[in-house]
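> Sharing entry.pdb below, PDB, C-alpha atoms, pLDDT in the B column:
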ATOM      1  CA  MET A   1     -51.289  56.596 -25.353  1.00 95.00           C
ATOM      2  CA  THR A   2     -51.995  53.524 -27.449  1.00 98.00           C
ATOM      3  CA  HIS A   3     -55.718  53.154 -28.133  1.00 98.00           C
ATOM      4  CA  VAL A   4     -57.094  49.682 -28.853  1.00 98.00           C
ATOM      5  CA  LEU A   5     -60.420  48.898 -30.476  1.00 98.00           C
ATOM      6  CA  PHE A   6     -61.929  45.625 -29.256  1.00 98.00           C
ATOM      7  CA  VAL A   7     -64.478  44.408 -31.808  1.00 98.00           C
ATOM      8  CA  VAL A   8     -66.741  41.918 -30.035  1.00 98.00           C
ATOM      9  CA  SER A   9     -69.583  39.801 -31.347  1.00 98.00           C
ATOM     10  CA  ALA A  10     -73.089  40.778 -30.250  1.00 98.00           C
ATOM     11  CA  ALA A  11     -74.507  37.328 -31.069  1.00 98.00           C
ATOM     12  CA  ASN A  12     -75.857  35.124 -28.297  1.00 98.00           C
ATOM     13  CA  HIS A  13     -76.239  32.030 -30.476  1.00 98.00           C
ATOM     14  CA  TRP A  14     -74.826  30.231 -33.487  1.00 98.00           C
ATOM     15  CA  THR A  15     -77.286  28.754 -35.986  1.00 98.00           C
ATOM     16  CA  LEU A  16     -76.389  25.133 -36.721  1.00 98.00           C
ATOM     17  CA  THR A  17     -77.151  23.172 -39.881  1.00 97.00           C
ATOM     18  CA  ASP A  18     -80.323  21.666 -38.414  1.00 96.00           C
ATOM     19  CA  GLY A  19     -81.644  25.132 -37.535  1.00 96.00           C
ATOM     20  CA  THR A  20     -81.066  24.831 -33.799  1.00 96.00           C
ATOM     21  CA  LEU A  21     -79.555  27.801 -31.992  1.00 98.00           C
ATOM     22  CA  HIS A  22     -76.404  26.900 -30.092  1.00 97.00           C
ATOM     23  CA  PRO A  23     -76.008  29.313 -27.129  1.00 98.00           C
ATOM     24  CA  THR A  24     -72.738  31.206 -27.385  1.00 98.00           C
ATOM     25  CA  GLY A  25     -71.218  34.691 -27.439  1.00 98.00           C
ATOM     26  CA  TYR A  26     -67.621  35.761 -26.796  1.00 98.00           C
ATOM     27  CA  TRP A  27     -65.127  33.465 -25.102  1.00 98.00           C
ATOM     28  CA  ALA A  28     -64.310  34.998 -21.730  1.00 98.00           C
ATOM     29  CA  GLU A  29     -60.557  34.382 -21.609  1.00 98.00           C
ATOM     30  CA  GLU A  30     -60.064  35.695 -25.141  1.00 98.00           C
ATOM     31  CA  LEU A  31     -61.508  39.049 -24.146  1.00 98.00           C
ATOM     32  CA  ALA A  32     -60.383  39.211 -20.517  1.00 98.00           C
ATOM     33  CA  GLN A  33     -56.730  38.233 -20.862  1.00 98.00           C
ATOM     34  CA  PRO A  34     -55.774  40.572 -23.732  1.00 98.00           C
ATOM     35  CA  HIS A  35     -57.828  43.349 -22.104  1.00 98.00           C
ATOM     36  CA  ARG A  36     -55.955  42.844 -18.834  1.00 98.00           C
ATOM     37  CA  LEU A  37     -52.542  42.810 -20.498  1.00 98.00           C
ATOM     38  CA  PHE A  38     -53.259  45.835 -22.679  1.00 98.00           C
ATOM     39  CA  THR A  39     -54.551  47.729 -19.644  1.00 98.00           C
ATOM     40  CA  ALA A  40     -51.449  46.795 -17.660  1.00 98.00           C
ATOM     41  CA  ALA A  41     -49.390  48.210 -20.538  1.00 98.00           C
ATOM     42  CA  GLY A  42     -51.137  51.545 -19.996  1.00 98.00           C
ATOM     43  CA  TRP A  43     -53.288  51.375 -23.103  1.00 98.00           C
ATOM     44  CA  GLN A  44     -56.763  52.797 -23.575  1.00 98.00           C
ATOM     45  CA  ILE A  45     -59.409  50.292 -24.696  1.00 98.00           C
ATOM     46  CA  SER A  46     -62.742  50.859 -26.411  1.00 98.00           C
ATOM     47  CA  ILE A  47     -65.213  48.007 -26.858  1.00 98.00           C
ATOM     48  CA  VAL A  48     -67.505  47.990 -29.873  1.00 98.00           C
ATOM     49  CA  THR A  49     -70.197  45.599 -31.111  1.00 98.00           C
ATOM     50  CA  PRO A  50     -72.640  45.513 -34.018  1.00 98.00           C
ATOM     51  CA  GLY A  51     -75.396  47.950 -33.107  1.00 98.00           C
ATOM     52  CA  GLY A  52     -73.810  48.776 -29.760  1.00 98.00           C
ATOM     53  CA  VAL A  53     -75.500  45.721 -28.225  1.00 98.00           C
ATOM     54  CA  ALA A  54     -74.042  44.503 -24.930  1.00 98.00           C
ATOM     55  CA  PRO A  55     -72.144  41.294 -25.729  1.00 98.00           C
ATOM     56  CA  THR A  56     -72.944  37.908 -24.213  1.00 98.00           C
ATOM     57  CA  ILE A  57     -70.382  35.685 -22.494  1.00 98.00           C
ATOM     58  CA  ASP A  58     -70.349  32.094 -23.680  1.00 98.00           C
ATOM     59  CA  ALA A  59     -71.313  30.361 -20.437  1.00 97.00           C
ATOM     60  CA  VAL A  60     -69.151  27.363 -21.304  1.00 97.00           C
ATOM     61  CA  SER A  61     -66.067  29.588 -21.211  1.00 97.00           C
ATOM     62  CA  LEU A  62     -66.670  30.256 -17.510  1.00 96.00           C
ATOM     63  CA  ARG A  63     -66.658  26.570 -16.559  1.00 95.00           C
ATOM     64  CA  ALA A  64     -63.598  25.346 -14.695  1.00 95.00           C
ATOM     65  CA  ASP A  65     -62.943  22.579 -17.217  1.00 93.00           C
ATOM     66  CA  ALA A  66     -62.920  25.098 -20.076  1.00 94.00           C
ATOM     67  CA  ALA A  67     -61.045  27.894 -18.302  1.00 94.00           C
ATOM     68  CA  GLY A  68     -58.134  25.874 -16.935  1.00 93.00           C
ATOM     69  CA  GLY A  69     -59.367  25.120 -13.451  1.00 95.00           C
ATOM     70  CA  GLU A  70     -61.561  26.670 -10.783  1.00 95.00           C
ATOM     71  CA  ASP A  71     -59.021  29.295  -9.744  1.00 96.00           C
ATOM     72  CA  ARG A  72     -58.457  30.431 -13.322  1.00 95.00           C
ATOM     73  CA  ALA A  73     -62.198  30.567 -13.983  1.00 95.00           C
ATOM     74  CA  ALA A  74     -62.647  32.690 -10.863  1.00 96.00           C
ATOM     75  CA  GLU A  75     -59.899  35.077 -11.994  1.00 96.00           C
ATOM     76  CA  ILE A  76     -61.514  35.524 -15.396  1.00 97.00           C
ATOM     77  CA  ILE A  77     -64.953  36.096 -13.907  1.00 96.00           C
ATOM     78  CA  GLU A  78     -63.515  38.635 -11.463  1.00 97.00           C
ATOM     79  CA  TYR A  79     -61.782  40.548 -14.259  1.00 98.00           C
ATOM     80  CA  ILE A  80     -64.863  40.552 -16.476  1.00 97.00           C
ATOM     81  CA  THR A  81     -66.770  42.022 -13.530  1.00 97.00           C
ATOM     82  CA  THR A  82     -64.283  44.889 -13.219  1.00 97.00           C
ATOM     83  CA  ILE A  83     -64.890  45.929 -16.845  1.00 98.00           C
ATOM     84  CA  SER A  84     -68.649  45.367 -16.823  1.00 96.00           C
ATOM     85  CA  GLY A  85     -69.252  49.067 -17.370  1.00 95.00           C
ATOM     86  CA  GLN A  86     -67.488  48.933 -20.721  1.00 96.00           C
ATOM     87  CA  LEU A  87     -69.193  45.700 -21.702  1.00 98.00           C
ATOM     88  CA  ASP A  88     -72.653  46.893 -20.764  1.00 97.00           C
ATOM     89  CA  GLU A  89     -72.408  50.025 -22.914  1.00 97.00           C
ATOM     90  CA  PRO A  90     -70.228  49.305 -25.939  1.00 98.00           C
ATOM     91  CA  LEU A  91     -69.810  51.605 -28.892  1.00 98.00           C
ATOM     92  CA  SER A  92     -71.539  50.778 -32.170  1.00 98.00           C
ATOM     93  CA  LEU A  93     -69.572  49.546 -35.182  1.00 98.00           C
ATOM     94  CA  ASP A  94     -71.400  52.055 -37.345  1.00 97.00           C
ATOM     95  CA  ASP A  95     -69.764  54.936 -35.461  1.00 97.00           C
ATOM     96  CA  ILE A  96     -66.159  53.731 -35.710  1.00 97.00           C
ATOM     97  CA  ASP A  97     -63.356  55.481 -37.580  1.00 97.00           C
ATOM     98  CA  VAL A  98     -60.309  53.212 -37.730  1.00 98.00           C
ATOM     99  CA  ALA A  99     -58.075  56.293 -37.824  1.00 97.00           C
ATOM    100  CA  ASP A 100     -58.954  56.933 -34.164  1.00 98.00           C
ATOM    101  CA  TYR A 101     -57.241  53.715 -33.017  1.00 98.00           C
ATOM    102  CA  ASP A 102     -53.715  52.318 -33.004  1.00 98.00           C
ATOM    103  CA  VAL A 103     -54.585  48.624 -32.698  1.00 98.00           C
ATOM    104  CA  VAL A 104     -57.682  46.648 -33.704  1.00 98.00           C
ATOM    105  CA  PHE A 105     -58.391  43.416 -31.832  1.00 98.00           C
ATOM    106  CA  TYR A 106     -61.041  40.721 -32.342  1.00 98.00           C
ATOM    107  CA  PRO A 107     -61.602  38.165 -29.533  1.00 98.00           C
ATOM    108  CA  GLY A 108     -63.354  34.936 -30.456  1.00 98.00           C
ATOM    109  CA  GLY A 109     -65.997  32.530 -29.278  1.00 98.00           C
ATOM    110  CA  HIS A 110     -68.560  31.087 -31.683  1.00 98.00           C
ATOM    111  CA  GLY A 111     -70.407  34.432 -31.714  1.00 98.00           C
ATOM    112  CA  PRO A 112     -68.412  35.911 -34.630  1.00 98.00           C
ATOM    113  CA  MET A 113     -69.519  32.979 -36.787  1.00 98.00           C
ATOM    114  CA  GLU A 114     -73.102  34.225 -36.475  1.00 98.00           C
ATOM    115  CA  ASP A 115     -72.760  37.980 -36.910  1.00 98.00           C
ATOM    116  CA  LEU A 116     -69.287  39.323 -37.710  1.00 98.00           C
ATOM    117  CA  ALA A 117     -68.765  36.746 -40.477  1.00 98.00           C
ATOM    118  CA  VAL A 118     -71.429  38.544 -42.521  1.00 98.00           C
ATOM    119  CA  ASP A 119     -71.079  42.099 -41.176  1.00 98.00           C
ATOM    120  CA  ALA A 120     -70.017  44.461 -43.970  1.00 98.00           C
ATOM    121  CA  VAL A 121     -69.161  47.279 -41.535  1.00 98.00           C
ATOM    122  CA  SER A 122     -66.816  44.996 -39.628  1.00 98.00           C
ATOM    123  CA  GLY A 123     -65.391  43.870 -42.959  1.00 98.00           C
ATOM    124  CA  ARG A 124     -64.632  47.483 -43.858  1.00 98.00           C
ATOM    125  CA  ILE A 125     -62.926  48.050 -40.508  1.00 98.00           C
ATOM    126  CA  LEU A 126     -60.772  44.954 -41.010  1.00 98.00           C
ATOM    127  CA  THR A 127     -59.788  46.024 -44.525  1.00 98.00           C
ATOM    128  CA  GLU A 128     -58.956  49.557 -43.451  1.00 98.00           C
ATOM    129  CA  ALA A 129     -56.920  48.333 -40.479  1.00 98.00           C
ATOM    130  CA  LEU A 130     -54.977  45.922 -42.667  1.00 98.00           C
ATOM    131  CA  ASP A 131     -54.285  48.478 -45.382  1.00 97.00           C
ATOM    132  CA  SER A 132     -53.300  51.191 -42.920  1.00 97.00           C
ATOM    133  CA  GLY A 133     -50.544  49.101 -41.388  1.00 97.00           C
ATOM    134  CA  ARG A 134     -52.178  49.152 -37.953  1.00 98.00           C
ATOM    135  CA  ILE A 135     -51.678  46.001 -35.917  1.00 98.00           C
ATOM    136  CA  LEU A 136     -54.699  43.753 -36.372  1.00 98.00           C
ATOM    137  CA  GLY A 137     -55.122  40.968 -33.816  1.00 98.00           C
ATOM    138  CA  VAL A 138     -57.657  38.190 -34.453  1.00 98.00           C
ATOM    139  CA  LEU A 139     -58.135  35.271 -32.086  1.00 98.00           C
ATOM    140  CA  CYS A 140     -59.596  31.752 -32.253  1.00 98.00           C
ATOM    141  CA  HIS A 141     -63.033  31.811 -34.001  1.00 98.00           C
ATOM    142  CA  ALA A 142     -62.766  35.544 -34.713  1.00 98.00           C
ATOM    143  CA  PRO A 143     -61.029  34.951 -38.072  1.00 98.00           C
ATOM    144  CA  ALA A 144     -64.575  34.170 -39.220  1.00 98.00           C
ATOM    145  CA  ALA A 145     -64.975  37.957 -39.280  1.00 98.00           C
ATOM    146  CA  LEU A 146     -62.393  38.109 -42.055  1.00 98.00           C
ATOM    147  CA  PHE A 147     -64.918  36.507 -44.412  1.00 98.00           C
ATOM    148  CA  ALA A 148     -66.853  39.785 -44.615  1.00 98.00           C
ATOM    149  CA  ALA A 149     -63.829  41.836 -45.713  1.00 98.00           C
ATOM    150  CA  ARG A 150     -63.842  42.821 -49.378  1.00 97.00           C
ATOM    151  CA  ARG A 151     -62.135  45.391 -51.538  1.00 96.00           C
ATOM    152  CA  SER A 152     -64.060  47.502 -54.038  1.00 93.00           C
ATOM    153  CA  ASP A 153     -63.382  44.870 -56.723  1.00 95.00           C
ATOM    154  CA  GLN A 154     -64.771  42.191 -54.346  1.00 94.00           C
ATOM    155  CA  SER A 155     -61.358  40.573 -53.896  1.00 97.00           C
ATOM    156  CA  TRP A 156     -60.463  39.258 -50.428  1.00 98.00           C
ATOM    157  CA  PRO A 157     -57.857  41.469 -48.683  1.00 98.00           C
ATOM    158  CA  PHE A 158     -56.387  38.587 -46.685  1.00 98.00           C
ATOM    159  CA  ALA A 159     -55.599  36.284 -49.613  1.00 98.00           C
ATOM    160  CA  GLY A 160     -52.068  34.928 -49.267  1.00 98.00           C
ATOM    161  CA  TYR A 161     -51.676  36.018 -45.646  1.00 98.00           C
ATOM    162  CA  ARG A 162     -50.263  33.448 -43.253  1.00 98.00           C
ATOM    163  CA  MET A 163     -52.677  33.030 -40.366  1.00 98.00           C
ATOM    164  CA  THR A 164     -54.151  30.648 -37.860  1.00 98.00           C
ATOM    165  CA  GLY A 165     -57.438  30.254 -36.036  1.00 98.00           C
ATOM    166  CA  PHE A 166     -59.611  27.590 -34.455  1.00 98.00           C
ATOM    167  CA  THR A 167     -58.823  24.493 -36.474  1.00 98.00           C
ATOM    168  CA  ASP A 168     -61.145  21.939 -38.010  1.00 98.00           C
ATOM    169  CA  ALA A 169     -59.551  19.331 -35.740  1.00 98.00           C
ATOM    170  CA  GLU A 170     -60.344  21.424 -32.660  1.00 98.00           C
ATOM    171  CA  GLU A 171     -63.953  21.851 -33.799  1.00 98.00           C
ATOM    172  CA  VAL A 172     -64.200  18.073 -34.179  1.00 98.00           C
ATOM    173  CA  LEU A 173     -62.751  17.539 -30.714  1.00 97.00           C
ATOM    174  CA  GLY A 174     -65.155  20.131 -29.330  1.00 95.00           C
ATOM    175  CA  GLY A 175     -68.070  18.160 -30.744  1.00 95.00           C
ATOM    176  CA  LEU A 176     -69.687  20.823 -32.935  1.00 95.00           C
ATOM    177  CA  ALA A 177     -68.111  20.062 -36.312  1.00 97.00           C
ATOM    178  CA  PRO A 178     -70.866  17.656 -37.493  1.00 96.00           C
ATOM    179  CA  LYS A 179     -73.491  20.359 -36.877  1.00 96.00           C
ATOM    180  CA  ALA A 180     -71.498  23.305 -38.222  1.00 97.00           C
ATOM    181  CA  PRO A 181     -72.634  24.962 -41.458  1.00 97.00           C
ATOM    182  CA  TRP A 182     -68.942  25.625 -42.132  1.00 97.00           C
ATOM    183  CA  LEU A 183     -65.603  25.472 -40.337  1.00 98.00           C
ATOM    184  CA  VAL A 184     -63.247  28.408 -39.866  1.00 98.00           C
ATOM    185  CA  GLN A 185     -60.073  26.742 -41.116  1.00 98.00           C
ATOM    186  CA  SER A 186     -61.653  25.217 -44.215  1.00 98.00           C
ATOM    187  CA  ARG A 187     -63.403  28.450 -45.143  1.00 98.00           C
ATOM    188  CA  LEU A 188     -60.221  30.518 -44.755  1.00 98.00           C
ATOM    189  CA  VAL A 189     -58.294  28.099 -46.949  1.00 98.00           C
ATOM    190  CA  GLU A 190     -61.042  28.251 -49.587  1.00 98.00           C
ATOM    191  CA  LEU A 191     -60.719  32.031 -49.651  1.00 98.00           C
ATOM    192  CA  GLY A 192     -56.970  31.858 -50.172  1.00 98.00           C
ATOM    193  CA  ALA A 193     -55.434  32.099 -46.695  1.00 98.00           C
ATOM    194  CA  ASP A 194     -52.121  30.424 -45.925  1.00 98.00           C
ATOM    195  CA  PHE A 195     -53.491  28.653 -42.863  1.00 98.00           C
ATOM    196  CA  VAL A 196     -51.078  27.170 -40.321  1.00 98.00           C
ATOM    197  CA  ALA A 197     -52.494  24.760 -37.739  1.00 98.00           C
ATOM    198  CA  GLY A 198     -50.696  24.073 -34.495  1.00 98.00           C
ATOM    199  CA  GLU A 199     -51.308  21.341 -31.955  1.00 98.00           C
ATOM    200  CA  SER A 200     -54.929  21.245 -30.839  1.00 98.00           C
ATOM    201  CA  PHE A 201     -55.725  23.415 -27.808  1.00 97.00           C
ATOM    202  CA  SER A 202     -52.090  24.439 -27.350  1.00 98.00           C
ATOM    203  CA  PRO A 203     -50.776  27.991 -27.726  1.00 98.00           C
ATOM    204  CA  HIS A 204     -50.074  28.863 -31.354  1.00 98.00           C
ATOM    205  CA  MET A 205     -49.722  32.199 -33.082  1.00 98.00           C
ATOM    206  CA  GLU A 206     -48.890  33.464 -36.561  1.00 98.00           C
ATOM    207  CA  ILE A 207     -47.646  36.910 -37.550  1.00 98.00           C
ATOM    208  CA  ASP A 208     -47.668  38.060 -41.164  1.00 98.00           C
ATOM    209  CA  ARG A 209     -46.945  41.728 -41.721  1.00 98.00           C
ATOM    210  CA  ASN A 210     -49.443  43.592 -39.481  1.00 98.00           C
ATOM    211  CA  LEU A 211     -51.813  40.620 -39.090  1.00 98.00           C
ATOM    212  CA  TYR A 212     -51.490  38.820 -35.741  1.00 98.00           C
ATOM    213  CA  THR A 213     -53.591  35.678 -35.278  1.00 98.00           C
ATOM    214  CA  GLY A 214     -53.992  33.201 -32.421  1.00 98.00           C
ATOM    215  CA  GLN A 215     -55.359  29.683 -32.768  1.00 98.00           C
ATOM    216  CA  ASN A 216     -57.408  29.141 -29.609  1.00 98.00           C
ATOM    217  CA  PRO A 217     -58.088  30.411 -26.070  1.00 98.00           C
ATOM    218  CA  ALA A 218     -54.705  29.072 -24.932  1.00 97.00           C
ATOM    219  CA  SER A 219     -53.099  31.506 -27.377  1.00 98.00           C
ATOM    220  CA  SER A 220     -54.632  34.600 -25.756  1.00 98.00           C
ATOM    221  CA  THR A 221     -51.626  35.542 -23.639  1.00 98.00           C
ATOM    222  CA  ALA A 222     -48.996  34.961 -26.319  1.00 98.00           C
ATOM    223  CA  LEU A 223     -50.967  36.928 -28.901  1.00 98.00           C
ATOM    224  CA  ALA A 224     -51.505  39.896 -26.587  1.00 98.00           C
ATOM    225  CA  GLU A 225     -47.873  39.916 -25.506  1.00 98.00           C
ATOM    226  CA  ALA A 226     -46.699  39.840 -29.128  1.00 98.00           C
ATOM    227  CA  ILE A 227     -48.909  42.801 -29.966  1.00 98.00           C
ATOM    228  CA  ILE A 228     -47.601  44.756 -26.977  1.00 98.00           C
ATOM    229  CA  ALA A 229     -44.018  44.006 -27.996  1.00 98.00           C
ATOM    230  CA  ALA A 230     -44.704  45.125 -31.558  1.00 98.00           C
ATOM    231  CA  VAL A 231     -46.218  48.426 -30.435  1.00 97.00           C
ATOM    232  CA  ASN A 232     -43.287  49.014 -28.081  1.00 96.00           C
ATOM    233  CA  ASP A 233     -40.878  48.409 -30.965  1.00 93.00           C
ATOM    234  CA  GLN A 234     -42.701  51.080 -32.990  1.00 87.00           C
ATOM    235  CA  ASP A 235     -42.242  53.700 -30.242  1.00 74.00           C
TER     236      ASP A 235
END
Write the structure described by the file as C-alpha cells, please.


Amino acid sequence: MTHVLFVVSAANHWTLTDGTLHPTGYWAEELAQPHRLFTAAGWQISIVTPGGVAPTIDAVSLRADAAGGEDRAAEIIEYITTISGQLDEPLSLDDIDVADYDVVFYPGGHGPMEDLAVDAVSGRILTEALDSGRILGVLCHAPAALFAARRSDQSWPFAGYRMTGFTDAEEVLGGLAPKAPWLVQSRLVELGADFVAGESFSPHMEIDRNLYTGQNPASSTALAEAIIAAVNDQD
C-alpha cells in the first residue's frame, strides 16, 4: 500500500513586515482535496507537523467566496471533520524517517511561510525525498518550505528545478504583498528555481523529475491526480 506523508504547517499566524500577526494556518482545500483523492486511491496517509502540534485551518479558506461557493465550502468542512482525529494528533517532524513513506506531500496556506520556511528538519526531509526519487508534491505557498532545504555544502537542492507556486501577482491580488516580508515566487527565483507562473488563480502544475508543484488552491485536484497517476505508472 502506498504510504503518503502529509507535512503540514503548525503556524497559526504569519508575521508581516510591520510586526503584526496575520491569522493563518493551512489552506483547507489544499489539504482536504489531495487527502480525499489519495484515500480514494487506497493509500495510507500520515499527517505530521513541527513538534506534533495540531495544525490550524486558515479561516478564510472556509469562506464560500474563497472555497468556490457555499456547497464547495460545506464539502470541504465536512471532509476535514471526518479526518479530525488525524489532524488533532499529528506525528512530529522530529520522528520522521523518509524511508517509511512512498510519497511526501506539502499542502499550503500562509502557515509554511512562518514555520516550515525556516525549519531545518523539514528541509532535511525535503532533500532526502528529492534525492531518493520519491514523488514530492508541494502546493501553493508550501514551496516556501523549500527555502530550508540545504545540502551539506549549503547548496540548495532545488536549484534549476522547474516549479510553480503562489505567484507574486496572486499575492498582490490577494492584498498581502505590500505587507509581506518576502514573496514565494521572487524568493524561489533568487535561489535558482526555474519558476513558471500560470494564470492567476487558475489550475497550473509543473512536473520536473520527481518534483510535483501546484500554483494555487485551484491546482489541488490536478496535482493530486498527477501524483496518483505517477505512482500507478510505477506499479

> As a check of understanding, name the residues that the PyMOL selection byres ((chain A and resi 157-165) around 6) selects in the supplied structure, as JSON, numbers by chain.

{"A": [140, 156, 166, 167, 192, 193, 194, 195, 196, 206, 208, 213, 214, 215]}

> Apply the PyMOL selection byres ((chain A and resi 128) around 10) to the displayed file and report the matching residues as a PyMOL selection string.

chain A and resi 97-99+122-127+129-134+149+151+157

> Counting only C-alpha atoms, find the residues whose atoms lie at most 12 Å from (-51.8, 22.1, -30.6) (file coordinates) and write them out as a PyMOL selection string.

chain A and resi 164-170+173+196-205+214-219

> If you measure from CA of Pro34 (chain A) to CA of Thr56 (chain A), what distance in Å do you get, rounded to one decimal?

17.4 Å

> What residues have an atom no more than 10 Å from (-65.4, 42.5, -32.0) in the file's own frame, counting only C-alpha atoms, and can you write them as an mmCIF file with C-alpha atoms, keeping the file's coordinate frame?


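Full text of part36.cif as output:
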data_model
loop_
_atom_site.group_PDB
_atom_site.id
_atom_site.type_symbol
_atom_site.label_atom_id
_atom_site.label_comp_id
_atom_site.auth_asym_id
_atom_site.auth_seq_id
_atom_site.Cartn_x
_atom_site.Cartn_y
_atom_site.Cartn_z
ATOM 1 C CA LEU A 5 -60.420 48.898 -30.476
ATOM 2 C CA PHE A 6 -61.929 45.625 -29.256
ATOM 3 C CA VAL A 7 -64.478 44.408 -31.808
ATOM 4 C CA VAL A 8 -66.741 41.918 -30.035
ATOM 5 C CA SER A 9 -69.583 39.801 -31.347
ATOM 6 C CA ALA A 10 -73.089 40.778 -30.250
ATOM 7 C CA TYR A 26 -67.621 35.761 -26.796
ATOM 8 C CA LEU A 31 -61.508 39.049 -24.146
ATOM 9 C CA ILE A 47 -65.213 48.007 -26.858
ATOM 10 C CA VAL A 48 -67.505 47.990 -29.873
ATOM 11 C CA THR A 49 -70.197 45.599 -31.111
ATOM 12 C CA PRO A 50 -72.640 45.513 -34.018
ATOM 13 C CA PRO A 55 -72.144 41.294 -25.729
ATOM 14 C CA LEU A 93 -69.572 49.546 -35.182
ATOM 15 C CA VAL A 104 -57.682 46.648 -33.704
ATOM 16 C CA PHE A 105 -58.391 43.416 -31.832
ATOM 17 C CA TYR A 106 -61.041 40.721 -32.342
ATOM 18 C CA PRO A 107 -61.602 38.165 -29.533
ATOM 19 C CA GLY A 108 -63.354 34.936 -30.456
ATOM 20 C CA GLY A 111 -70.407 34.432 -31.714
ATOM 21 C CA PRO A 112 -68.412 35.911 -34.630
ATOM 22 C CA ASP A 115 -72.760 37.980 -36.910
ATOM 23 C CA LEU A 116 -69.287 39.323 -37.710
ATOM 24 C CA SER A 122 -66.816 44.996 -39.628
ATOM 25 C CA VAL A 138 -57.657 38.190 -34.453
ATOM 26 C CA ALA A 142 -62.766 35.544 -34.713
ATOM 27 C CA ALA A 145 -64.975 37.957 -39.280
#

> Taking all atoms of region 61-74 of chain A that the file lists, what box with edges along x, y and z, padded by 4 Å per side, do you get, with centre and edge lengths in Å to one decimal, as AutoDock Vina command-line options?


--center_x -62.4 --center_y 27.6 --center_z -15.5 --size_x 16.5 --size_y 18.1 --size_z 19.5

> In Å, how far is it from CA of Val189 (chain A) to CA of Thr15 (chain A)?

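Interatomic distance, CA of Val189 (chain A) to CA of Thr15 (chain A): 21.9 Å.
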
> Just want the 12 Å neighbourhood of Leu21 (chain A), counted on only C-alpha atoms, with same-chain residues fewer than 3 positions away dropped. Output as a list of chain:residue names.

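Contacts, with the query itself left out: A:Ala11, A:Asn12, A:His13, A:Trp14, A:Thr15, A:Leu16, A:Thr17, A:Asp18, A:Thr24, A:Gly25, A:His110, A:Gly111, A:Glu114, A:Lys179, A:Ala180.
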
> Hey, which of A:Leu191, A:Leu136, A:Trp182, A:Glu171 ends up closest to Gln154 (chain A)? Count only C-alpha atoms.

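Among the listed residues, A:Leu191 lies closest to Gln154 (chain A).
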
> For Leu188 (chain A), which residue among A:Pro143, A:Arg150, A:Leu223, A:Tyr101 is the nearest when counting all atoms listed in the file?

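Going through A:Pro143, A:Arg150, A:Leu223, A:Tyr101 one by one, the smallest distance to Leu188 (chain A) is for A:Pro143.
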
> CA of His3 (chain A) to CA of His35 (chain A): how many Å, to one decimal?

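That distance, rounded to one decimal, is 11.7 Å.
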
> N, CA and C atoms for region 51-64 of chain A, written as an mmCIF file, in the coordinates of the input, could you do that?


data_model
loop_
_atom_site.group_PDB
_atom_site.id
_atom_site.type_symbol
_atom_site.label_atom_id
_atom_site.label_comp_id
_atom_site.auth_asym_id
_atom_site.auth_seq_id
_atom_site.Cartn_x
_atom_site.Cartn_y
_atom_site.Cartn_z
ATOM 1 N N GLY A 51 -74.224 47.311 -33.685
ATOM 2 C CA GLY A 51 -75.396 47.950 -33.107
ATOM 3 C C GLY A 51 -75.225 48.452 -31.696
ATOM 4 N N GLY A 52 -74.025 48.343 -31.140
ATOM 5 C CA GLY A 52 -73.810 48.776 -29.760
ATOM 6 C C GLY A 52 -74.536 47.912 -28.749
ATOM 7 N N VAL A 53 -74.791 46.653 -29.108
ATOM 8 C CA VAL A 53 -75.500 45.721 -28.225
ATOM 9 C C VAL A 53 -74.520 45.133 -27.215
ATOM 10 N N ALA A 54 -74.906 45.086 -25.952
ATOM 11 C CA ALA A 54 -74.042 44.503 -24.930
ATOM 12 C C ALA A 54 -73.747 43.045 -25.276
ATOM 13 N N PRO A 55 -72.482 42.654 -25.319
ATOM 14 C CA PRO A 55 -72.144 41.294 -25.729
ATOM 15 C C PRO A 55 -72.466 40.262 -24.652
ATOM 16 N N THR A 56 -72.607 39.026 -25.088
ATOM 17 C CA THR A 56 -72.944 37.908 -24.213
ATOM 18 C C THR A 56 -71.718 37.016 -24.013
ATOM 19 N N ILE A 57 -71.450 36.644 -22.774
ATOM 20 C CA ILE A 57 -70.382 35.685 -22.494
ATOM 21 C C ILE A 57 -70.877 34.287 -22.828
ATOM 22 N N ASP A 58 -70.049 33.514 -23.509
ATOM 23 C CA ASP A 58 -70.349 32.094 -23.680
ATOM 24 C C ASP A 58 -70.212 31.433 -22.312
ATOM 25 N N ALA A 59 -71.307 30.927 -21.786
ATOM 26 C CA ALA A 59 -71.313 30.361 -20.437
ATOM 27 C C ALA A 59 -70.321 29.217 -20.290
ATOM 28 N N VAL A 60 -70.096 28.485 -21.363
ATOM 29 C CA VAL A 60 -69.151 27.363 -21.304
ATOM 30 C C VAL A 60 -67.752 27.864 -20.967
ATOM 31 N N SER A 61 -67.413 29.063 -21.431
ATOM 32 C CA SER A 61 -66.067 29.588 -21.211
ATOM 33 C C SER A 61 -65.796 29.938 -19.752
ATOM 34 N N LEU A 62 -66.831 29.958 -18.935
ATOM 35 C CA LEU A 62 -66.670 30.256 -17.510
ATOM 36 C C LEU A 62 -66.592 28.989 -16.660
ATOM 37 N N ARG A 63 -66.755 27.830 -17.289
ATOM 38 C CA ARG A 63 -66.658 26.570 -16.559
ATOM 39 C C ARG A 63 -65.201 26.265 -16.243
ATOM 40 N N ALA A 64 -64.966 25.656 -15.111
ATOM 41 C CA ALA A 64 -63.598 25.346 -14.695
ATOM 42 C C ALA A 64 -62.887 24.465 -15.708
#
